[in-house]
>>> print(open('start-v8.txt').read())   # compact mmCIF, C-alpha atoms
# COMPACT_ATOMS: atom_id res chain seq x y z
CA MET W 110 -41.52 -41.18 -19.80
CA LEU W 111 -39.74 -37.84 -20.30
CA ILE W 112 -40.16 -37.07 -16.62
CA ALA W 113 -38.69 -40.48 -15.71
CA ILE W 114 -35.69 -39.93 -18.02
CA ALA W 115 -35.12 -36.47 -16.58
CA ALA W 116 -35.31 -37.83 -13.01
CA TRP W 117 -32.88 -40.64 -13.86
CA LEU W 118 -30.47 -38.19 -15.51
CA PHE W 119 -30.65 -35.86 -12.52
CA MET W 120 -29.89 -38.71 -10.11
CA ALA W 121 -27.09 -40.00 -12.32
CA LEU W 122 -25.41 -36.60 -12.49
CA ASP W 123 -25.74 -36.25 -8.74
CA ASN W 124 -23.71 -39.40 -8.13
CA LYS W 125 -19.96 -39.46 -7.53
CA TYR W 126 -17.61 -40.45 -10.36
CA PRO W 127 -13.81 -40.66 -10.68
CA TYR W 128 -12.19 -38.64 -13.46
CA THR W 129 -8.65 -37.48 -14.30
CA VAL W 130 -7.53 -33.83 -14.53
CA LYS W 131 -4.19 -32.11 -14.94
CA THR W 132 -3.00 -29.43 -12.53
CA VAL W 133 0.09 -27.31 -11.89
CA LEU W 134 2.18 -27.69 -8.75
CA LYS W 135 3.27 -24.85 -6.50
CA TYR W 136 5.90 -25.42 -3.83
CA ASN W 137 6.02 -24.11 -0.27
CA ASN W 138 8.20 -24.77 2.80
CA ILE W 139 11.22 -24.72 0.48
CA PRO W 140 14.52 -25.83 2.13
CA GLN W 141 16.56 -22.75 3.02
CA LYS W 142 20.05 -24.25 2.66
CA LYS W 143 19.53 -26.23 -0.52
CA ALA W 144 18.95 -25.25 -4.13
CA PHE W 145 16.61 -27.76 -5.74
CA HIS W 146 15.74 -28.68 -9.30
CA PRO W 147 12.66 -30.83 -10.07
CA LEU W 148 13.48 -33.88 -12.17
CA GLN W 149 9.98 -34.06 -13.65
CA SER W 150 7.32 -31.75 -15.04
CA ASP W 151 5.44 -29.38 -12.73
CA THR W 152 2.18 -30.77 -14.12
CA VAL W 153 0.64 -33.90 -12.60
CA ASP W 154 -2.47 -36.00 -13.22
CA LEU W 155 -5.01 -36.05 -10.41
CA LYS W 156 -7.59 -38.78 -10.08
CA VAL W 157 -10.51 -36.80 -8.65
CA GLU W 158 -13.84 -37.99 -7.32
CA GLY W 159 -16.62 -35.54 -8.12
CA THR W 160 -20.25 -35.35 -9.13
CA GLY W 161 -21.51 -35.92 -12.64
CA TRP W 162 -22.44 -32.24 -12.74
CA GLN W 163 -18.80 -31.33 -12.24
CA LEU W 164 -17.79 -33.84 -14.89
CA LEU W 165 -20.30 -32.30 -17.29
CA PHE W 166 -19.88 -28.56 -16.62
CA ALA W 167 -16.46 -28.09 -15.05
CA ARG W 168 -14.72 -29.50 -18.15
CA LEU W 169 -12.64 -31.79 -15.97
CA ARG W 170 -11.05 -28.89 -14.11
CA ILE W 171 -10.46 -28.57 -10.43
CA LYS W 172 -10.69 -25.39 -8.42
CA PRO W 173 -8.26 -23.84 -7.72
CA GLN W 174 -6.27 -24.46 -10.91
CA SER W 175 -3.09 -25.32 -8.98
CA ILE W 176 -2.22 -27.13 -5.77
CA SER W 177 0.48 -26.40 -3.19
CA ILE W 178 2.91 -29.09 -2.11
CA SER W 179 5.13 -28.87 0.96
CA LEU W 180 8.84 -29.53 0.36
CA GLU W 181 9.70 -29.75 4.05
CA LYS W 182 10.66 -33.43 3.71
CA LEU W 183 13.45 -32.46 1.29
CA ASN W 184 15.54 -31.44 4.29
CA ASN W 185 16.13 -35.15 4.89
CA ARG W 186 15.63 -36.82 1.48
CA ASN W 187 15.45 -36.08 -2.25
CA PHE W 188 11.83 -37.07 -2.99
CA ILE W 189 8.27 -36.11 -2.04
CA LEU W 190 5.36 -38.54 -1.70
CA PHE W 191 1.92 -37.23 -2.62
CA SER W 192 0.29 -39.98 -0.61
CA GLU W 193 1.70 -38.34 2.54
CA GLN W 194 0.06 -35.02 1.69
CA LEU W 195 -3.33 -36.03 0.25
CA TYR W 196 -5.19 -34.77 3.31
CA ASN W 197 -3.64 -31.29 3.08
CA VAL W 198 -4.06 -31.19 -0.70
CA ASN W 199 -7.77 -32.07 -0.45
CA ASP W 200 -8.23 -29.17 1.97
CA GLN W 201 -7.32 -26.84 -0.90
CA LEU W 202 -10.16 -28.05 -3.17
CA GLU W 203 -13.87 -27.45 -3.22
CA THR W 204 -15.63 -29.61 -0.65
CA SER W 205 -17.46 -31.52 -3.40
CA GLN W 206 -14.17 -32.67 -4.96
CA LYS W 207 -11.80 -35.25 -3.55
CA ILE W 208 -8.41 -36.38 -4.85
CA ILE W 209 -8.09 -40.18 -4.77
CA SER W 210 -4.56 -40.50 -6.17
CA VAL W 211 -1.84 -38.60 -8.02
CA LYS W 212 0.28 -39.69 -10.95
CA PRO W 213 3.20 -39.69 -10.49
CA ASP W 214 2.90 -40.19 -6.74
CA THR W 215 6.61 -39.53 -6.16
CA LEU W 216 8.44 -36.33 -7.10
CA TYR W 217 12.24 -36.45 -7.31
CA PHE W 218 14.61 -33.49 -6.95
CA ASP W 219 18.24 -32.77 -7.70
CA PHE W 220 20.15 -30.69 -5.14
CA SER W 221 23.15 -28.43 -4.99
CA GLU W 222 24.45 -26.10 -2.31
CA LYS W 223 22.62 -22.78 -2.31
CA THR W 224 24.82 -19.72 -2.95
CA VAL W 225 24.04 -16.02 -2.67
CA LYS W 226 24.84 -13.18 -5.07
CA ARG W 227 24.05 -9.45 -5.31
CA VAL W 228 23.14 -8.05 -8.74
CA PRO W 229 22.14 -4.53 -9.84
CA VAL W 230 18.49 -3.67 -10.43
CA LYS W 231 17.56 -2.87 -14.04
CA LEU W 232 14.55 -0.55 -14.26
CA GLN W 233 12.09 -1.10 -17.08
CA SER W 234 10.01 1.99 -17.65
CA GLU W 235 7.79 3.92 -20.01
CA ILE W 236 7.59 7.53 -18.79
CA GLY W 237 5.74 10.37 -20.49
CA PHE W 238 5.91 14.01 -19.45
CA VAL W 239 3.83 17.12 -19.78
CA LYS W 240 5.36 19.42 -22.43
CA GLN W 241 8.47 21.29 -21.20
CA TYR W 242 9.00 18.76 -18.36
CA GLY W 243 11.48 15.92 -18.05
CA ILE W 244 13.88 13.99 -15.81
CA SER W 245 16.08 16.49 -13.98
CA ASP W 246 18.41 14.05 -12.16
CA PRO W 247 19.32 10.37 -12.36
CA ILE W 248 16.44 8.08 -11.39
CA GLU W 249 16.95 6.72 -7.87
CA ILE W 250 16.28 3.04 -7.12
CA THR W 251 16.22 1.90 -3.49
CA PRO W 252 17.77 -0.58 -3.05
CA ASP W 253 19.72 -0.52 -6.30
CA TYR W 254 20.93 -4.10 -5.74
CA VAL W 255 18.95 -7.25 -4.96
CA THR W 256 20.09 -10.51 -3.43
CA ILE W 257 19.48 -13.71 -5.37
CA SER W 258 20.09 -17.23 -4.10
CA GLY W 259 20.22 -20.58 -5.83
CA PRO W 260 22.65 -23.00 -7.52
CA GLU W 261 26.01 -21.45 -8.39
CA GLU W 262 25.77 -22.51 -12.06
CA GLU W 263 22.43 -20.67 -12.39
CA LEU W 264 23.56 -17.52 -10.57
CA HIS W 265 26.68 -17.28 -12.74
CA LYS W 266 24.46 -16.51 -15.76
CA ILE W 267 22.62 -13.66 -14.03
CA LYS W 268 24.25 -10.20 -14.35
CA GLU W 269 21.23 -8.03 -13.43
CA TRP W 270 17.60 -8.35 -12.38
CA LYS W 271 14.82 -6.44 -14.11
CA THR W 272 11.84 -4.79 -12.51
CA ASP W 273 8.30 -5.00 -13.78
CA SER W 274 7.53 -2.13 -16.13
CA LEU W 275 6.99 1.28 -14.50
CA THR W 276 4.46 3.23 -16.55
CA LEU W 277 3.88 6.95 -15.92
CA ASP W 278 1.95 9.31 -18.20
CA ASP W 279 1.86 13.11 -18.40
CA ILE W 280 3.83 13.73 -15.21
CA GLN W 281 5.17 17.13 -14.16
CA TYR W 282 6.16 16.49 -10.54
CA THR W 283 8.74 14.24 -8.92
CA SER W 284 7.18 10.80 -8.55
CA LYS W 285 7.86 7.93 -6.14
CA LYS W 286 6.55 4.44 -6.84
CA VAL W 287 7.04 0.96 -5.40
CA VAL W 288 7.80 -1.32 -8.35
CA PRO W 289 7.75 -5.13 -8.06
CA MET W 290 10.75 -7.08 -9.27
CA MET W 291 10.16 -9.57 -12.05
CA GLN W 292 9.34 -12.95 -10.59
CA SER W 293 11.92 -15.66 -11.01
CA LYS W 294 11.10 -18.11 -13.80
CA MET W 295 13.47 -20.62 -12.18
CA LYS W 296 11.92 -22.35 -9.19
CA ASN W 297 15.34 -22.95 -7.67
CA VAL W 298 16.32 -19.26 -7.74
CA SER W 299 14.82 -16.79 -5.27
CA ILE W 300 15.14 -13.00 -5.02
CA PHE W 301 15.04 -10.51 -2.13
CA PRO W 302 13.53 -7.97 -1.81
CA ALA W 303 10.50 -8.55 -4.01
CA SER W 304 10.10 -4.84 -4.81
CA VAL W 305 12.07 -1.58 -4.92
CA GLU W 306 11.22 2.10 -4.54
CA VAL W 307 11.78 4.22 -7.63
CA LYS W 308 12.10 8.00 -7.48
CA VAL W 309 11.77 9.89 -10.76
CA PRO W 310 13.00 13.51 -10.31
CA VAL W 311 10.97 15.80 -12.57
CA ASP W 312 11.38 19.49 -13.28
CA GLU W 313 10.39 22.06 -15.88
CA PHE W 314 13.01 22.57 -18.58
CA THR W 315 13.99 25.78 -20.34
CA GLU W 316 16.41 26.61 -23.14
CA LYS W 317 19.93 27.87 -22.51
CA VAL W 318 22.74 28.83 -24.90
CA LEU W 319 26.46 28.79 -24.04
CA ASP W 320 29.53 29.73 -26.09
CA ILE W 321 31.92 26.79 -25.79
CA PRO W 322 35.59 27.09 -26.87
CA LEU W 323 36.78 24.38 -29.25
CA LYS W 324 39.69 22.07 -28.46
CA VAL W 325 41.82 20.27 -31.04
CA ILE W 326 42.49 16.54 -30.57
CA ASN W 327 44.79 14.09 -32.37
CA ASN W 328 47.19 16.87 -33.38
CA ARG W 329 50.15 14.50 -33.07
CA GLU W 330 52.49 16.63 -35.20
CA TYR W 331 51.73 19.70 -33.05
CA TYR W 332 50.67 21.84 -36.00
CA SER W 333 49.53 25.35 -35.31
CA VAL W 334 45.79 25.06 -36.01
CA LYS W 335 43.57 28.10 -36.27
CA LEU W 336 39.82 27.50 -36.12
CA TYR W 337 37.13 29.74 -37.55
CA PRO W 338 35.15 30.27 -35.39
CA ARG W 339 37.04 29.33 -32.25
CA LYS W 340 33.82 28.93 -30.25
CA VAL W 341 30.48 27.27 -31.01
CA LYS W 342 27.04 27.96 -29.60
CA VAL W 343 25.59 24.96 -27.76
CA THR W 344 21.83 25.17 -27.30
CA PHE W 345 20.30 22.78 -24.78
CA LEU W 346 17.42 22.28 -22.37
CA VAL W 347 18.15 22.42 -18.65
CA ALA W 348 15.97 22.07 -15.56
CA LEU W 349 14.99 25.38 -14.02
CA SER W 350 16.46 24.32 -10.69
CA LYS W 351 19.89 23.85 -12.35
CA TYR W 352 19.79 26.76 -14.79
CA ASN W 353 22.40 28.84 -12.94
CA GLN W 354 24.58 25.84 -12.09
CA VAL W 355 25.36 24.73 -15.63
CA ASN W 356 28.12 26.79 -17.25
CA GLU W 357 30.93 26.39 -19.81
CA GLU W 358 32.88 24.08 -17.48
CA PHE W 359 30.22 21.38 -17.79
CA ILE W 360 30.54 21.09 -21.58
CA GLU W 361 33.52 20.19 -23.76
CA ALA W 362 33.55 20.43 -27.56
CA VAL W 363 36.38 19.21 -29.82
CA VAL W 364 37.44 18.88 -33.45
CA ASP W 365 39.49 15.88 -34.62
CA MET W 366 42.56 16.47 -36.82
CA ASN W 367 42.29 12.91 -38.13
CA GLU W 368 39.38 14.12 -40.23
CA TRP W 369 41.82 16.30 -42.16
CA LYS W 370 44.89 14.06 -42.15
CA GLU W 371 43.24 10.71 -42.82
CA LEU W 372 39.85 11.57 -44.34
CA LYS W 373 41.00 14.70 -46.21
CA HIS W 374 38.03 16.78 -45.02
CA ASN W 375 38.22 20.51 -45.70
CA LYS W 376 36.05 21.26 -42.67
CA LEU W 377 36.15 19.74 -39.19
CA ARG W 378 33.02 18.43 -37.48
CA VAL W 379 32.28 19.65 -33.98
CA LYS W 380 31.82 16.90 -31.40
CA VAL W 381 30.58 17.37 -27.85
CA VAL W 382 32.51 14.90 -25.70
CA ARG W 383 31.33 16.07 -22.27
CA PHE W 384 27.76 17.07 -21.51
CA PRO W 385 25.56 16.89 -18.36
CA ASP W 386 23.34 13.78 -18.27
CA TYR W 387 20.42 15.78 -16.89
CA CYS W 388 20.40 18.22 -19.84
CA LYS W 389 19.04 17.68 -23.36
CA MET W 390 21.00 18.74 -26.40
CA VAL W 391 19.13 20.89 -28.95
CA ALA W 392 21.72 22.18 -31.41
CA ILE W 393 25.41 22.96 -32.02
CA THR W 394 26.07 26.03 -34.19
CA PRO W 395 28.01 25.73 -36.40
CA GLY W 396 28.22 21.96 -36.78
CA LYS W 397 31.45 22.26 -38.83
CA VAL W 398 34.26 24.80 -38.70
CA ASP W 399 36.92 26.05 -41.11
CA PHE W 400 40.58 25.71 -40.19
CA ILE W 401 44.04 26.80 -41.25
CA ILE W 402 47.17 24.77 -40.49
CA GLU W 403 50.51 26.45 -40.16
CA LYS W 404 53.45 24.05 -40.34
>>> encode(input="start-v8.txt", output="structure tokens")
Amino acid sequence: MLIAIAAWLFMALDNKYPYTVKTVLKYNNIPQKKAFHPLQSDTVDLKVEGTGWQLLFARLRIKPQSISISLEKLNNRNFILFSEQLYNVNDQLETSQKIISVKPDTLYFDFSEKTVKRVPVKLQSEIGFVKQYGISDPIEITPDYVTISGPEEELHKIKEWKTDSLTLDDIQYTSKKVVPMMQSKMKNVSIFPASVEVKVPVDEFTEKVLDIPLKVINNREYYSVKLYPRKVKVTFLVALSKYNQVNEEFIEAVVDMNEWKELKHNKLRVKVVRFPDYCKMVAITPGKVDFIIEK
């Protein structure tokens, strides 16, 4: 009796049965001159014919987990019929599965004229260096702009386009990497190119100290201001390749007379208002200076 039940169960599971599964749509053959917006969800219900084994073990899932739909017909109309593409869709599934019908069978789209816009690339990165090493020049991104296309109202909101995260650890040499751009989350907005080349200039850094003369700002009454000291020592890290290039002309330090006139401070804070981007500040000595005003 047990053998008979097992044989019956085996035969029953080997038979074909219809069942319903959900799947995600992917679009191809997208119209080049139109920006489209689906008027329904990207998830549809498929009525699939499969074996009882699939029904039992596949948990009502199809393979692959998404299906591709051609939008070529949108060049002439604003809807797509699944019934016209069932043959091509079934070619994407396992041979033991067959789609009988799709709900909804008709997909509707809203259209607008496609426009084009260039936006700057925004690099996302996490970069770690070997001790004493760092970025010696601005990071180069090629190209530094990407072209996006889609509906004008969507493109108006986009001011930049981010890359995927560039992660580098313990580097001590200049590095070049191809970094993918973040994929568009809007199906009606496309981006070109899909990746950029990023160059991270790296060099060994060493310490350098310069005596920088102080300048007085906001001295609107033209007082005679004497500073003690008149120069400050600026200690910073600079790439070895630029050590001899960086001199006093690259750095500007000031004191603000508003601190005395408005805030009544008896010492003036030193502020560095011009400093090379590729250097790293360590210290300013002294941080505050004494002053005498002669009216």
>>> residues_around(input="start-v8.txt", residues="Gln241 (chain W)", least_positions_apart="2", cutoff="9 Å", atoms="all atoms listed in the file", output="PyMOL selection string")
chain W and resi 238-239+243+281+312-315
>>> residues_around(input="start-v8.txt", residues="Leu323 (chain W)", least_positions_apart="2", cutoff="8 Å", atoms="only C-alpha atoms", output="PyMOL selection string")
chain W and resi 321+325+339-341+361-364
>>> residues_near_point(input="start-v8.txt", point="(12.4, -10.3, -14.9)", cutoff="7 Å", atoms="only C-alpha atoms", output="PDB file with C-alpha atoms, in the coordinates of the input")
ATOM      1  CA  TRP W 270      17.600  -8.350 -12.380  1.00  0.00           C
ATOM      2  CA  LYS W 271      14.820  -6.440 -14.110  1.00  0.00           C
ATOM      3  CA  THR W 272      11.840  -4.790 -12.510  1.00  0.00           C
ATOM      4  CA  ASP W 273       8.300  -5.000 -13.780  1.00  0.00           C
ATOM      5  CA  MET W 290      10.750  -7.080  -9.270  1.00  0.00           C
ATOM      6  CA  MET W 291      10.160  -9.570 -12.050  1.00  0.00           C
ATOM      7  CA  GLN W 292       9.340 -12.950 -10.590  1.00  0.00           C
ATOM      8  CA  SER W 293      11.920 -15.660 -11.010  1.00  0.00           C
TER       9      SER W 293
END
>>> residues_around(input="start-v8.txt", residues="Asn327 (chain W)", least_positions_apart="5", cutoff="10 Å", atoms="all atoms listed in the file", output="list in words")
Val364, Asp365, Met366, Asn367, Glu368 and Lys370 of chain W
>>> atom_distance(input="start-v8.txt", atom1="CA of Val347 (chain W)", atom2="CA of Pro229 (chain W)")
28.6 Å
>>> atom_distance(input="start-v8.txt", atom1="CA of Asp279 (chain W)", atom2="CA of Val305 (chain W)")
22.4 Å
>>> closest_residue(input="start-v8.txt", among="W:Ser350, W:Val379, W:Trp369, W:Ser234", to="Val309 (chain W)", atoms="only C-alpha atoms")
W:Ser234
>>> atom_distance(input="start-v8.txt", atom1="CA of Thr224 (chain W)", atom2="CA of Ser179 (chain W)")
22.1 Å
>>> residues_around(input="start-v8.txt", residues="Pro252 (chain W)", least_positions_apart="3", cutoff="12 Å", atoms="only C-alpha atoms", output="JSON list (two decimals) with C-alpha atoms, keeping the file's coordinate frame")
[["chain", "number", "residue", "atom", "x", "y", "z"],
["W", 227, "ARG", "CA", 24.05, -9.45, -5.31],
["W", 228, "VAL", "CA", 23.14, -8.05, -8.74],
["W", 229, "PRO", "CA", 22.14, -4.53, -9.84],
["W", 230, "VAL", "CA", 18.49, -3.67, -10.43],
["W", 231, "LYS", "CA", 17.56, -2.87, -14.04],
["W", 232, "LEU", "CA", 14.55, -0.55, -14.26],
["W", 249, "GLU", "CA", 16.95, 6.72, -7.87],
["W", 255, "VAL", "CA", 18.95, -7.25, -4.96],
["W", 256, "THR", "CA", 20.09, -10.51, -3.43],
["W", 272, "THR", "CA", 11.84, -4.79, -12.51],
["W", 287, "VAL", "CA", 7.04, 0.96, -5.40],
["W", 288, "VAL", "CA", 7.80, -1.32, -8.35],
["W", 290, "MET", "CA", 10.75, -7.08, -9.27],
["W", 301, "PHE", "CA", 15.04, -10.51, -2.13],
["W", 302, "PRO", "CA", 13.53, -7.97, -1.81],
["W", 303, "ALA", "CA", 10.50, -8.55, -4.01],
["W", 304, "SER", "CA", 10.10, -4.84, -4.81],
["W", 305, "VAL", "CA", 12.07, -1.58, -4.92],
["W", 306, "GLU", "CA", 11.22, 2.10, -4.54],
["W", 307, "VAL", "CA", 11.78, 4.22, -7.63],
["W", 308, "LYS", "CA", 12.10, 8.00, -7.48]]
>>> residues_around(input="start-v8.txt", residues="Ile393 (chain W)", least_positions_apart="6", cutoff="9 Å", atoms="only C-alpha atoms", output="list in words")
Val341, Lys342, Val343, Thr344, Phe345, Val379, Lys380 and Val381 of chain W
>>> write_last_selection(input="start-v8.txt", atoms="C-alpha atoms", output="PDB file, keeping the file's coordinate frame")
ATOM      1  CA  VAL W 341      30.480  27.270 -31.010  1.00  0.00           C
ATOM      2  CA  LYS W 342      27.040  27.960 -29.600  1.00  0.00           C
ATOM      3  CA  VAL W 343      25.590  24.960 -27.760  1.00  0.00           C
ATOM      4  CA  THR W 344      21.830  25.170 -27.300  1.00  0.00           C
ATOM      5  CA  PHE W 345      20.300  22.780 -24.780  1.00  0.00           C
ATOM      6  CA  VAL W 379      32.280  19.650 -33.980  1.00  0.00           C
ATOM      7  CA  LYS W 380      31.820  16.900 -31.400  1.00  0.00           C
ATOM      8  CA  VAL W 381      30.580  17.370 -27.850  1.00  0.00           C
TER       9      VAL W 381
END
>>> closest_residue(input="start-v8.txt", among="W:Asn185, W:Lys324, W:Pro338, W:Lys207", to="Val398 (chain W)", atoms="all atoms listed in the file")
W:Pro338
>>> closest_residue(input="start-v8.txt", among="W:Thr276, W:Asn297, W:Asn328, W:Gln174", to="Lys223 (chain W)", atoms="all atoms listed in the file")
W:Asn297
>>> closest_residue(input="start-v8.txt", among="W:Asn184, W:Ser150, W:Ser274, W:Ser177", to="Leu202 (chain W)", atoms="all atoms listed in the file")
W:Ser177
>>> axis_aligned_box(input="start-v8.txt", around="region 252-261 of chain W", padding_each_side="5 Å", output="AutoDock Vina command-line options")
--center_x 21.9 --center_y -11.8 --center_z -5.7 --size_x 18.2 --size_y 32.5 --size_z 15.3
>>> closest_residue(input="start-v8.txt", among="W:Glu357, W:Asp151, W:Tyr242, W:Ile208", to="Tyr282 (chain W)", atoms="all atoms listed in the file")
W:Tyr242
>>> closest_residue(input="start-v8.txt", among="W:Lys212, W:Lys286, W:Lys226, W:Lys182", to="Asn138 (chain W)", atoms="only C-alpha atoms")
W:Lys182
